[in-house]
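Enquirer: I am sharing entry-v8.tsv, which consists of TSV, C-alpha atoms:
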chain	number	residue	atom	x	y	z
A	12	MET	CA	0.00	0.00	0.00
A	13	GLU	CA	1.25	3.45	-0.79
A	14	ASN	CA	0.60	6.93	0.46
A	15	SER	CA	1.66	10.30	-0.85
A	16	VAL	CA	5.10	11.70	-0.10
A	17	ILE	CA	5.33	15.38	0.70
A	18	ILE	CA	7.45	17.12	-1.92
A	19	ARG	CA	6.21	20.60	-1.18
A	20	SER	CA	3.10	21.68	0.66
A	21	GLN	CA	1.30	24.90	1.37
A	22	ILE	CA	-1.73	25.81	3.43
A	23	VAL	CA	-4.39	27.40	1.22
A	24	GLU	CA	-7.62	28.99	2.33
A	25	ALA	CA	-11.07	29.72	0.90
A	26	GLN	CA	-12.75	32.48	2.87
A	27	VAL	CA	-16.46	32.76	3.65
A	28	VAL	CA	-17.11	36.32	2.57
A	29	GLY	CA	-20.24	37.95	3.93
A	30	THR	CA	-23.13	36.10	5.52
A	31	PRO	CA	-22.66	32.37	4.95
A	32	ALA	CA	-25.02	31.00	2.33
A	33	THR	CA	-25.43	27.55	0.83
A	34	GLY	CA	-24.48	27.10	-2.78
A	35	ARG	CA	-22.55	30.33	-3.04
A	36	ARG	CA	-18.98	30.04	-4.32
A	37	TYR	CA	-16.18	31.11	-2.00
A	38	ASN	CA	-12.91	31.34	-3.87
A	39	PHE	CA	-9.48	30.45	-2.58
A	40	LEU	CA	-7.34	33.32	-1.42
A	41	GLU	CA	-4.30	34.18	-3.49
A	42	VAL	CA	-0.91	32.88	-2.45
A	43	PRO	CA	1.73	34.79	-4.43
A	44	ASN	CA	4.24	31.98	-4.83
A	45	LEU	CA	1.49	29.68	-6.11
A	46	SER	CA	0.05	32.17	-8.58
A	47	ARG	CA	2.37	31.84	-11.54
A	48	ASN	CA	0.65	28.81	-13.10
A	49	ASN	CA	3.78	26.86	-12.27
A	50	ILE	CA	2.61	24.49	-9.55
A	51	VAL	CA	1.59	20.92	-10.25
A	52	CYS	CA	-0.83	19.67	-7.61
A	53	TYR	CA	-0.73	15.94	-6.89
A	54	ALA	CA	-2.58	15.64	-3.59
A	55	ILE	CA	-4.87	17.72	-1.42
A	56	GLU	CA	-6.04	17.41	2.14
A	57	THR	CA	-8.82	19.13	4.09
A	58	ILE	CA	-7.72	20.53	7.43
A	59	GLY	CA	-10.58	20.71	9.92
A	60	TYR	CA	-10.94	22.84	13.02
A	61	THR	CA	-9.77	19.99	15.24
A	62	GLN	CA	-6.51	19.85	13.25
A	63	LEU	CA	-5.73	23.56	12.94
A	64	VAL	CA	-7.74	26.14	14.85
A	65	ALA	CA	-6.38	29.17	13.00
A	66	THR	CA	-4.24	29.64	9.95
A	67	PRO	CA	-0.85	31.36	9.80
A	68	ASN	CA	-2.69	34.31	8.22
A	69	GLY	CA	-4.66	34.68	11.45
A	70	ASN	CA	-7.96	33.49	10.00
A	71	THR	CA	-10.17	31.22	12.05
A	72	THR	CA	-10.70	27.78	10.57
A	73	ILE	CA	-14.27	27.26	9.45
A	74	GLY	CA	-16.44	26.10	12.33
A	75	GLY	CA	-14.15	27.80	14.83
A	76	GLY	CA	-16.88	30.14	16.05
A	77	GLY	CA	-18.85	27.11	17.13
A	78	THR	CA	-15.62	25.30	18.14
A	79	THR	CA	-16.67	22.41	15.97
A	80	ASP	CA	-15.36	20.67	12.89
A	81	VAL	CA	-17.64	21.33	9.92
A	82	SER	CA	-15.73	19.45	7.25
A	83	ASP	CA	-18.97	17.65	6.41
A	84	GLN	CA	-20.68	20.91	5.48
A	85	PHE	CA	-18.89	21.99	2.33
A	86	VAL	CA	-17.67	20.73	-1.00
A	87	VAL	CA	-14.67	21.80	-3.05
A	88	THR	CA	-14.13	22.37	-6.77
A	89	LEU	CA	-10.67	22.58	-8.28
A	90	LEU	CA	-9.80	24.15	-11.63
A	91	ASP	CA	-6.64	23.75	-13.65
A	92	ASP	CA	-4.84	26.36	-15.75
A	93	LYS	CA	-7.19	25.58	-18.65
A	94	LYS	CA	-10.24	26.36	-16.52
A	95	ASN	CA	-11.28	22.70	-16.42
A	96	GLU	CA	-13.15	21.78	-13.25
A	97	PHE	CA	-11.27	18.55	-12.80
A	98	VAL	CA	-12.49	18.07	-9.23
A	99	TYR	CA	-16.14	19.10	-8.99
A	100	GLN	CA	-18.00	19.42	-5.70
A	101	MET	CA	-15.95	16.82	-3.86
A	102	PRO	CA	-17.06	16.57	-0.21
A	103	ALA	CA	-14.34	18.11	1.91
A	104	TYR	CA	-14.91	15.45	4.58
A	105	SER	CA	-13.60	12.76	2.26
A	106	MET	CA	-10.28	14.61	1.98
A	107	VAL	CA	-9.51	14.59	5.69
A	108	ARG	CA	-6.68	12.10	6.27
A	109	ALA	CA	-7.98	11.02	9.64
A	110	ASN	CA	-11.34	10.10	8.09
A	111	ASN	CA	-9.77	7.95	5.43
A	112	GLY	CA	-7.42	5.55	7.13
A	113	GLY	CA	-4.59	8.08	7.09
A	114	PHE	CA	-4.53	8.25	3.30
A	115	LEU	CA	-4.24	11.47	1.34
A	116	THR	CA	-6.50	12.21	-1.62
A	117	PHE	CA	-4.19	11.71	-4.55
A	118	LEU	CA	-4.83	13.58	-7.81
A	119	LYS	CA	-3.42	12.99	-11.25
A	120	PRO	CA	-0.82	15.79	-11.30
A	121	ARG	CA	-2.13	18.98	-12.92
A	122	ILE	CA	-1.16	22.63	-12.96
A	123	LEU	CA	-3.61	24.29	-10.63
A	124	ASN	CA	-5.16	27.75	-10.94
A	125	LEU	CA	-5.63	28.40	-7.25
A	126	THR	CA	-7.81	31.49	-7.23
A	127	ASP	CA	-10.29	29.90	-9.66
A	128	CYS	CA	-10.88	27.08	-7.17
A	129	TYR	CA	-13.73	27.43	-4.72
A	130	ILE	CA	-15.81	25.84	-1.99
A	131	GLN	CA	-19.56	25.76	-1.57
A	132	LEU	CA	-21.40	25.34	1.70
A	133	THR	CA	-24.09	22.71	1.95
A	134	ASN	CA	-25.04	23.77	5.49
A	135	THR	CA	-24.29	27.03	7.30
A	136	THR	CA	-24.65	25.73	10.88
A	137	ASN	CA	-21.71	26.88	13.02
A	138	VAL	CA	-20.20	28.73	10.07
A	139	ALA	CA	-19.43	32.41	10.53
A	140	ALA	CA	-18.38	35.14	8.13
A	141	SER	CA	-14.63	35.52	7.51
A	142	GLU	CA	-13.86	31.98	8.60
A	143	VAL	CA	-11.75	30.01	6.15
A	144	ALA	CA	-11.92	26.50	4.79
A	145	VAL	CA	-8.36	25.24	5.09
A	146	PHE	CA	-6.60	22.81	2.82
A	147	ASN	CA	-3.07	21.54	2.55
A	148	LEU	CA	-1.98	21.53	-1.05
A	149	TYR	CA	0.78	19.06	-2.03
A	150	TYR	CA	2.66	20.14	-5.14
A	151	TYR	CA	5.88	20.39	-7.06
A	152	TYR	CA	7.08	23.06	-9.47
A	153	ALA	CA	6.39	22.53	-13.14
A	154	LYS	CA	9.57	22.17	-15.17
B	25	MET	CA	-3.25	-5.51	-16.65
B	26	ASN	CA	-1.80	-2.15	-17.62
B	27	THR	CA	-4.84	0.05	-16.97
B	28	PRO	CA	-4.76	3.87	-17.01
B	29	ILE	CA	-5.01	3.86	-13.24
B	30	LYS	CA	-2.06	1.51	-12.94
B	31	GLN	CA	-0.07	3.66	-15.36
B	32	THR	CA	-0.81	6.72	-13.22
B	33	ILE	CA	0.26	4.89	-10.09
B	34	ASP	CA	3.45	3.67	-11.75
B	35	GLN	CA	4.27	7.19	-12.95
B	36	ALA	CA	3.60	8.61	-9.49
B	37	ARG	CA	5.77	5.97	-7.89
B	38	ALA	CA	8.58	6.64	-10.37
B	39	ALA	CA	8.32	10.39	-9.71
B	40	GLY	CA	8.60	9.81	-5.96
B	41	LEU	CA	5.14	11.19	-5.26
B	42	ILE	CA	4.01	8.04	-3.47
B	43	ARG	CA	5.87	5.47	-1.45
B	44	ARG	CA	5.17	2.01	-0.05
B	45	ASN	CA	5.67	1.00	3.56
B	46	ILE	CA	3.39	3.65	4.93
B	47	ASP	CA	2.89	1.76	8.17
B	48	ASN	CA	6.56	1.05	8.80
B	49	MET	CA	9.83	2.59	7.89
B	50	PRO	CA	12.37	0.65	5.81
B	51	THR	CA	14.83	-1.38	7.87
B	52	SER	CA	17.63	0.99	6.87
B	53	ALA	CA	15.85	3.93	8.49
B	54	ARG	CA	16.95	5.39	11.81
B	55	CYS	CA	14.96	7.48	14.24
B	56	GLU	CA	16.07	10.49	16.23
B	57	SER	CA	13.94	12.04	18.94
B	58	VAL	CA	13.97	15.82	18.98
B	59	TYR	CA	12.46	17.98	21.69
B	60	LEU	CA	11.36	21.58	22.07
B	61	ARG	CA	10.84	22.24	25.77
B	62	PHE	CA	9.05	25.51	26.40
B	63	ALA	CA	10.95	25.88	29.68
B	64	ASN	CA	14.07	26.24	27.52
B	65	THR	CA	12.66	28.02	24.47
B	66	GLY	CA	10.23	30.24	26.29
B	67	VAL	CA	6.47	29.85	26.06
B	68	PRO	CA	5.57	30.53	22.42
B	69	GLY	CA	4.03	33.88	21.62
B	70	LEU	CA	1.67	34.41	18.72
B	71	GLY	CA	3.72	34.31	15.54
B	72	THR	CA	6.92	33.41	17.38
B	73	ASP	CA	9.03	30.85	15.57
B	74	LEU	CA	10.45	28.04	17.71
B	75	TYR	CA	13.60	26.91	15.94
B	76	PHE	CA	15.19	23.55	16.44
B	77	LYS	CA	18.71	23.32	17.78
B	78	PRO	CA	21.42	22.58	15.20
B	79	ASN	CA	21.75	18.89	14.47
B	80	ASP	CA	24.22	17.99	11.74
B	81	LEU	CA	22.84	14.47	11.60
B	82	LEU	CA	19.48	15.74	10.38
B	83	ASP	CA	20.78	18.21	7.81
B	84	GLY	CA	20.17	17.29	4.17
B	85	VAL	CA	23.87	16.99	3.46
B	86	HIS	CA	24.05	14.08	5.95
B	87	SER	CA	20.66	12.44	5.80
B	88	ARG	CA	17.47	11.98	3.85
B	89	ILE	CA	14.43	12.47	6.07
B	90	LEU	CA	11.63	10.02	5.27
B	91	ALA	CA	9.01	11.04	7.82
B	92	ILE	CA	8.56	13.27	10.83
B	93	GLU	CA	6.24	12.11	13.56
B	94	CYS	CA	4.82	14.35	16.28
B	95	ILE	CA	4.03	12.73	19.63
B	96	ASP	CA	0.85	13.83	21.39
B	97	ALA	CA	-0.08	13.41	25.04
B	98	ALA	CA	-2.25	10.35	24.39
B	99	THR	CA	0.71	8.62	22.75
B	100	ASN	CA	3.14	9.56	25.51
B	101	PRO	CA	2.23	12.18	28.15
B	102	ALA	CA	5.72	13.38	29.09
B	103	ILE	CA	8.93	14.02	27.24
B	104	TYR	CA	11.25	11.08	27.65
B	105	GLY	CA	13.64	11.51	30.55
B	106	ASN	CA	11.92	14.68	31.67
B	107	SER	CA	8.73	13.89	33.55
B	108	GLY	CA	8.22	17.58	34.33
B	109	THR	CA	7.60	18.48	30.70
B	110	ASP	CA	4.13	17.65	29.45
B	111	VAL	CA	3.61	16.78	25.84
B	112	LEU	CA	0.76	18.70	24.21
B	113	SER	CA	-2.66	17.18	23.71
B	114	ALA	CA	-4.09	16.76	20.23
B	115	ALA	CA	-6.32	19.78	20.82
B	116	LEU	CA	-3.35	22.00	21.67
B	117	LEU	CA	-1.28	20.61	18.79
B	118	ALA	CA	-4.06	21.90	16.52
B	119	GLN	CA	-2.78	25.36	17.37
B	120	GLY	CA	0.60	24.83	15.74
B	121	MET	CA	2.35	24.10	12.47
B	122	PHE	CA	5.70	22.59	11.49
B	123	TYR	CA	7.80	24.28	8.79
B	124	ALA	CA	10.57	22.47	6.91
B	125	VAL	CA	13.13	24.92	5.51
B	126	ASP	CA	16.22	24.49	3.34
B	127	GLY	CA	19.62	26.13	3.47
B	128	GLU	CA	18.44	29.12	1.46
B	129	ARG	CA	15.66	29.76	3.97
B	130	GLU	CA	13.11	28.68	1.40
B	131	LEU	CA	10.06	26.94	2.80
B	132	ILE	CA	9.92	23.35	1.60
B	133	TRP	CA	6.66	22.37	3.22
B	134	SER	CA	4.44	23.10	6.20
B	135	LEU	CA	2.04	20.85	8.10
B	136	PRO	CA	-0.40	21.30	10.95
B	137	LEU	CA	1.02	19.33	13.89
B	138	PRO	CA	-1.94	16.90	14.26
B	139	ILE	CA	-1.31	15.71	10.70
B	140	MET	CA	2.06	14.44	11.93
B	141	VAL	CA	0.59	12.39	14.79
B	142	LYS	CA	0.36	8.75	13.74
B	143	ARG	CA	-2.33	7.97	16.27
B	144	LEU	CA	-4.66	10.53	14.69
B	145	ASN	CA	-4.12	9.24	11.16
B	146	ALA	CA	-4.81	5.53	11.41
B	147	GLY	CA	-1.21	4.84	12.31
B	148	LYS	CA	0.10	6.28	9.04
B	149	PHE	CA	3.24	8.36	8.83
B	150	ALA	CA	3.27	11.77	7.22
B	151	LEU	CA	5.80	10.73	4.61
B	152	CYS	CA	8.28	13.19	3.18
B	153	ASP	CA	11.47	13.20	1.16
B	154	LEU	CA	13.67	15.91	2.58
B	155	ASN	CA	17.08	16.16	0.99
B	156	THR	CA	17.95	19.85	1.19
B	157	GLN	CA	16.84	20.69	4.70
B	158	VAL	CA	18.88	22.51	7.30
B	159	TRP	CA	17.52	21.31	10.60
B	160	GLN	CA	18.24	24.47	12.56
B	161	ASN	CA	16.27	26.46	9.96
B	162	CYS	CA	13.16	24.35	10.58
B	163	PHE	CA	10.68	25.64	13.12
B	164	VAL	CA	7.29	25.37	14.75
B	165	ARG	CA	4.89	28.29	14.87
B	166	PHE	CA	1.65	28.51	16.83
B	167	THR	CA	-1.40	30.29	15.39
B	168	ASP	CA	-3.05	30.25	18.81
B	169	VAL	CA	-1.08	30.26	22.06
B	170	SER	CA	-3.90	29.82	24.55
B	171	SER	CA	-3.29	27.18	27.26
B	172	LEU	CA	0.41	26.76	26.40
B	173	GLY	CA	2.69	26.91	29.42
B	174	ALA	CA	6.29	26.60	30.51
B	175	SER	CA	5.66	23.00	31.59
B	176	ASN	CA	4.78	21.98	28.04
B	177	GLY	CA	6.93	20.86	25.16
B	178	LEU	CA	6.97	19.25	21.75
B	179	TRP	CA	8.38	15.83	20.90
B	180	PHE	CA	9.17	14.74	17.36
B	181	ASN	CA	10.52	11.48	16.01
B	182	VAL	CA	12.54	12.10	12.85
B	183	TRP	CA	12.91	9.06	10.61
B	184	TYR	CA	15.88	9.28	8.28
B	185	THR	CA	18.47	7.35	6.36
B	186	PRO	CA	22.03	8.62	6.67
B	187	ARG	CA	24.09	9.41	3.63
B	188	ASN	CA	27.57	7.92	3.44
B	189	VAL	CA	29.36	11.01	4.68
B	190	ASN	CA	31.92	11.09	7.45
B	191	LEU	CA	30.66	13.41	10.18
Transcribe the structure of this file into structure tokens.
Expert:
Amino acid sequence: MENSVIIRSQIVEAQVVGTPATGRRYNFLEVPNLSRNNIVCYAIETIGYTQLVATPNGNTTIGGGGTTDVSDQFVVTLLDDKKNEFVYQMPAYSMVRANNGGFLTFLKPRILNLTDCYIQLTNTTNVAASEVAVFNLYYYYAK
Amino acid sequence: MNTPIKQTIDQARAAGLIRRNIDNMPTSARCESVYLRFANTGVPGLGTDLYFKPNDLLDGVHSRILAIECIDAATNPAIYGNSGTDVLSAALLAQGMFYAVDGERELIWSLPLPIMVKRLNAGKFALCDLNTQVWQNCFVRFTDVSSLGASNGLWFNVWYTPRNVNL
């Protein structure tokens, strides 16, 4: 059995802007060193409130206001540099390592367009404005 | 059968993106315990970086790091040989992140500390392949410092294979 090896990783965040609403798209925040269409994403992991209460940017992890993990309340869509939605509305819960026998969600490596990617809430319970859905992106630089 | 999925897995394995033996390290691997005692480092402040002490053995020029494991209080409540230093609980570890940094001070990767606790991840290691790291440039940073005290500390097991270099 295999699991992903960390080559490079970066915490990325999608912020709930305004009053939380189901179905609305909340885009990922820009990370300058990941914004040159030069990163190839090969694995992604959802980080819940019980794994990281606040991000290095000082944003509260989603569900933090209710001090509860709400990874089962949103889905994530990833787009590549060609605007293809190659991961569409995947439940964030299924990308938490601890929920999946310690395994990472492994993707066929693609160049990711981070700020085109987004989350959508399926339930707004315990979700507050300005909280962020947190993911750990595993990547390497495109040659 | 050479299916597209198998081809993808073979390519990923060849590229070093995935590795077998996720439950155990290879027999050639060694393990070094590394500690950060807050009584020595000072209780972390918000945004303060807790750097590791220099350790030539764990620098990329001398070793390849295969995995880094963080020990939580449920795994072992006190730092080995120092019963007065309490290891952090999983809830408190969720307030911190580990940063692996190379010799040019470039961030290689970062992980929330609970991701590095085997017990919280079905016994699986957080596998890595560090070859350019400088151990004393690596650090831990807390995004929330509530409930951290001078009697606390961090305990990491670093799994590595040494390179054939005379130290």
Enquirer: Counting all atoms listed in the file, collect the residues of chain A whose closest atom lies at most 12 Å from chain B, and write them out as a PyMOL selection string.
Expert: chain A and resi 12-23+44+51-54+56-72+75+78-80+107-120+145-152
Enquirer: Do you have the CA of Phe97 in chain A-CA of Ile55 in chain A distance handy?
Expert: 13.1 Å
Enquirer: Neighbours of Leu74 in chain B within 9 Å (only C-alpha atoms; same-chain residues fewer than 5 positions away dropped), as a PyMOL selection string?
Expert: chain B and resi 60+65-66+68+162-166
Enquirer: Taking (19.0, 10.7, 4.2) in the file's coordinates as the center, which residues reach within 12 Å of it, counting only C-alpha atoms, put as an NGL selection string?
Expert: :B and (52-55 or 80-91 or 152-157 or 182-189)
Enquirer: With C-alpha atoms retained, export the selected residues as an mmCIF file, in the coordinates of the input.
Expert:
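File written: again.cif
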data_model
loop_
_atom_site.group_PDB
_atom_site.id
_atom_site.type_symbol
_atom_site.label_atom_id
_atom_site.label_comp_id
_atom_site.auth_asym_id
_atom_site.auth_seq_id
_atom_site.Cartn_x
_atom_site.Cartn_y
_atom_site.Cartn_z
ATOM 1 C CA SER B 52 17.630 0.990 6.870
ATOM 2 C CA ALA B 53 15.850 3.930 8.490
ATOM 3 C CA ARG B 54 16.950 5.390 11.810
ATOM 4 C CA CYS B 55 14.960 7.480 14.240
ATOM 5 C CA ASP B 80 24.220 17.990 11.740
ATOM 6 C CA LEU B 81 22.840 14.470 11.600
ATOM 7 C CA LEU B 82 19.480 15.740 10.380
ATOM 8 C CA ASP B 83 20.780 18.210 7.810
ATOM 9 C CA GLY B 84 20.170 17.290 4.170
ATOM 10 C CA VAL B 85 23.870 16.990 3.460
ATOM 11 C CA HIS B 86 24.050 14.080 5.950
ATOM 12 C CA SER B 87 20.660 12.440 5.800
ATOM 13 C CA ARG B 88 17.470 11.980 3.850
ATOM 14 C CA ILE B 89 14.430 12.470 6.070
ATOM 15 C CA LEU B 90 11.630 10.020 5.270
ATOM 16 C CA ALA B 91 9.010 11.040 7.820
ATOM 17 C CA CYS B 152 8.280 13.190 3.180
ATOM 18 C CA ASP B 153 11.470 13.200 1.160
ATOM 19 C CA LEU B 154 13.670 15.910 2.580
ATOM 20 C CA ASN B 155 17.080 16.160 0.990
ATOM 21 C CA THR B 156 17.950 19.850 1.190
ATOM 22 C CA GLN B 157 16.840 20.690 4.700
ATOM 23 C CA VAL B 182 12.540 12.100 12.850
ATOM 24 C CA TRP B 183 12.910 9.060 10.610
ATOM 25 C CA TYR B 184 15.880 9.280 8.280
ATOM 26 C CA THR B 185 18.470 7.350 6.360
ATOM 27 C CA PRO B 186 22.030 8.620 6.670
ATOM 28 C CA ARG B 187 24.090 9.410 3.630
ATOM 29 C CA ASN B 188 27.570 7.920 3.440
ATOM 30 C CA VAL B 189 29.360 11.010 4.680
#
Enquirer: The residues within 6 Å of (5.8, 27.4, 30.1), using all atoms listed in the file and the coordinates of the file, should be reported as number ranges by chain; which are they?
Expert: B: 62-63, 67, 173-176
Enquirer: Between B:Ala39, B:Leu172, B:Val158, B:Leu178, which residue has the minimum interatomic distance to Val125 in chain B, considering all atoms listed in the file?
Expert: B:Val158
Enquirer: What's around Gln131 in chain A at 8 Å? Count only C-alpha atoms, leave out sequence neighbours fewer than 6 positions away in its own chain, and write the answer as a ChimeraX atom specification.
Expert: /A:33-37,85-87,100
Enquirer: Go through B:Val141, B:Ala38, B:Val58, B:Val169 one by one, measure the shortest atom-to-atom distance of each to Ala98 in chain B using only C-alpha atoms, and give the residue with the smallest value.
Expert: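 When distances to Ala98 in chain B are compared using only C-alpha atoms, the smallest one comes from B:Val141.
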Enquirer: Rank B:Asn64, B:Phe76, B:Asn100, B:Cys94 by their smallest atom-to-atom distance to Asn181 in chain B, using all atoms listed in the file, and report the top residue only.
Expert: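 Ranking B:Asn64, B:Phe76, B:Asn100, B:Cys94 by distance to Asn181 in chain B, first place goes to B:Cys94.
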Enquirer: To one decimal place, how far is CA of Tyr99 in chain A from CA of Ala144 in chain A in Å?
Expert: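 Separation of CA of Tyr99 in chain A and CA of Ala144 in chain A: 16.2 Å.
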Enquirer: If you measure from CA of Asn137 in chain A to CA of Thr30 in chain A, what distance in Å do you get, rounded to one decimal?
Expert: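 Calculated distance between CA of Asn137 in chain A and CA of Thr30 in chain A is 12.0 Å.
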